[in-house]
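**Student:** Below are the structure tokens for one structure; questions will follow.
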Amino acid sequence: MKLYLIVLLCLFFNYAFSQNSGSLSGTVVDQDNKPLEKATVSILMQQDSAVLSYSLSNGKGEFNFVKLPANKKLILYISHINSNNHHQDIVLAVEEKKQLDTIKLGGKLLDEVVISVAPPVRMNKDTLEYNTDFFKTRPNANAEELLKQLPGLQINMDGTIYYQGKEVSQVKVNGKDFFASDLRIATRNLDASLIKTVQVYRDKGESKKIVEDEEKLPITINLKFKKDFLRASFGKLYGSAGTRDRYEAGGLFNTFRDTLQVSFIGFGNNINRESFDYNELNQHGGLGRSENYGFNDFGGRNYNGKANDIAAGFNLNNDWGKKSKLNIMYMLKYKKEEGQNTGNQTALFDNVEQFNENEYNTYNNSLSHNVNSLFRYRMDTTAYFEFIPKISITNNDGHSDSWMRTYTKENSLNYSINNNKTERSNFNYDHGFYIEKLLHKNHIISLRNNINIRNDKEEENGNQWTQIFQNPVPSSSLFENKRKNEKSNSTNTFLGYNNKSIEKLNFDFYISFNTIEQGPQESIYYDRDSTGIVHGEQFENNYRFKSEEYISGIKFFWKPVKKLFVNFGTAYAIKDNHFNLLKINERKSTSNGYWLPNINIRFHDFDVSWSKDLESPATYRTQVVTDTLNPLITRLPSFFYENILRQNARFSFNKYKQKYQVGIHININYKDKSEGYKSWRDVSNGHYTVQSFQARSTSNQSFYLYGRYNFKSGKDWTFYISQNTSLYTYQQYASINNVDNKLTNLGINLTQEFSITWKNLIGFTPKYTYSWNKSMNSVKNNPDFLENAYETHKIGAGLNINPLKGFSLETSYSLENRASGLNERENYHILNSSFYYTLKNNSQIKLTGFDILNQNRQNYWGNSGNTTYFQNTITLRQYFLLGYIYKFKVTKLKN
């Protein structure tokens, strides 16, 4: 019912505003009277030259505008890269449908020099360009506020940007990467007054290969600075302090020249955020828990526990002439984490109900260095190469303590206490090298090499005290020192030849050589019941795995008619696997050949594909020896050596329009082998025995439906309504007390969202999410295997008010109906708000309240096999922050 009311409200606004509007249509031709496709047609307000809307003429040269304001003086501005510009004054009467005469654009002469003002919007080959002189922003506005003014672009509350219904994947500054892939670092921290032109294009990269379907290319926005700046230095500083000792502080400094960009960044906070972006509400409060992890986007939040994050880094871009490009990014990160997990489980074994309660506390410190770099050199117009090395070094030290008890309704079974100290170090290096040469306009050769080298070291000292009530000796103690060193490396070398000499048909022939080598080396010493430290050689899980893969293949790209793409091919792979089970002195080698065909058919907005691929054995579950060191758990040997064949079938339909977007995706994945899990539980004392095994085939399916409709009402109001539906199944094998079971999990997620924006100053976004999950067992009529279903609801809304007389507001609220125990549910009300006031020097004072109602919780529950579990994790609770933001900008003009 609520959804229908929202739709009716939208239609009412749409109808009300349409009563005071008109429409305009026409046709554009070139000097030879041929229809002019992709001419840029803009509508401006004559009063202030503000752009109301724009459109591109279609293949027949036609354009059409609806819901233009009536009784207003407008300017029609038409431009094309190969023609002279055209503009004329327009006034529409109420509900007038004006059809213009055919508009003829004169051609440009090769030696003609025309000095004129660039149009507000134009197509420059395949790039859409906005002239920012026609789009007004407030003083001290950032780039995101400028982008909100540009017709055809849409910016959501969380900072994501959409163009023609597709999400923008990258924002560059003067054609250079700006702190990697988190585009909000650029849009929310760059000053709009520095930007002259905003370019939007589909990024083809440097390659000369034919792009079969440009609609699939990533969309990039490039912010070009004004050319009259010799140098621009700008940035911001901020700091906040609050209740519960919460704080955050940071700074960003940038200096840009013609060919050189240098940026420095630093931040520190204990509000669970790893990113620099100052708008925290959409990141870890209320509606938008949606960050990515990792150095490449400076994003992320600490989802488990509480953390203090401190980081500093720099980004350097430099171009030498038109041939060379260098990019270096460095980040130093320090993290201090605290986590606490409490939970309980209920399981049935031989129709006896067993209960488990546990608590696990962790304290961890980590220090990491990350270096990403890129060097690209174009030898001439036919050849280039690029080298992209990355290095990551991380050191961790921490300790943990935990307790666990297992019992039935009649008896206590066991109880244990653990204390552990751990030191870890990780070194990771990888690089990508690519070189391409155009031998002839129809012949291209390329070479790619990827290398990854990883070295993980870990030392753990643990103390465990255990009480097993039904044993003759009920209590015991164990000290364990375990040192583990796992080295792994992988290489991929690819040589390809591309031929495009046949019209509508080109093909790639390629050969590839891949290697993987990995495996742990363990050293274990232990002391049981204070009898002395001994070498536990019999418990050390040491092995090495090496795989070599030789692949040759051919792939055809056929375009028989417009909008029909057929890609098909096959590959033959020879895969050699070598296993060395060191402790038991056993070796095993296999060599097998596989045909791996594939086909993909795309017609208009429909896409159908099928492929067969190959996976290596699941070596991460390899157990070489029987491990009985822990008195509560026995791990039996498990050894996987057979490759896994995977088949994947996919259907998709995508329709991207400025007003609406529709997407349907169906995916079916089949594996001829999978990884299963066997377990045995002793009902008298709770002792657990586990073993991994290579199980039979599994089939997993997923269905995804996305719909979105955008529209404007009048000049000031913008609306959109969206809906996401996903359905998935996941299968796995589990044998419990010698009863084999195939578990199928079924999940459904529904999300509806509605947004209202007024003048890009006020935005309101209500949202509703429903999730339902059910587990189904192949074992029937067995009381130890129960099937259950559970559901969650989440209702919320976000409100943003951009500066109105110096005041801004960002707030979000959500009502979450989540589990609070195995058989209980509870409602959580999460309310967050940030209030800004802009001072005369354009600095800001900010007051933030997180979890204002003090109800934030993080918990989950579910079931696997015959066990139902509930887990609760410590998380941030209510706090208030008072802060100050200072922006600065220094520019030097050219003489």
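Chain labels follow the order of the structure tokens: the first chain is A, the next B, and so on; residue numbering restarts at 1 in every chain, and ligands are counted from 1 in their shown order.
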Tell me, as a list in words, which residues lie within 8 Å of stretch 233-249 of chain A, counting only C-alpha atoms; anything in the same chain fewer than 5 positions away does not count.

**Tutor:** Asn189, Leu190, Asp191, Asn254, Thr255, Phe256, Phe267, Gly268, Asn269, Asn270, Ile271, Tyr879, Phe880, Leu881, Leu882, Gly883, Tyr884, Ile885, Tyr886, Lys887, Phe888, Lys889, Val890 and Thr891 of chain A

**Student:** Using backbone DSSP assignments, extract all strand (DSSP E) residues from stretch 499-629 of chain A; output them as number ranges by chain.

**Tutor:** A: 499-502, 505-518, 520-528, 534-535, 544-558, 564-581, 586-595, 598-603, 606-615
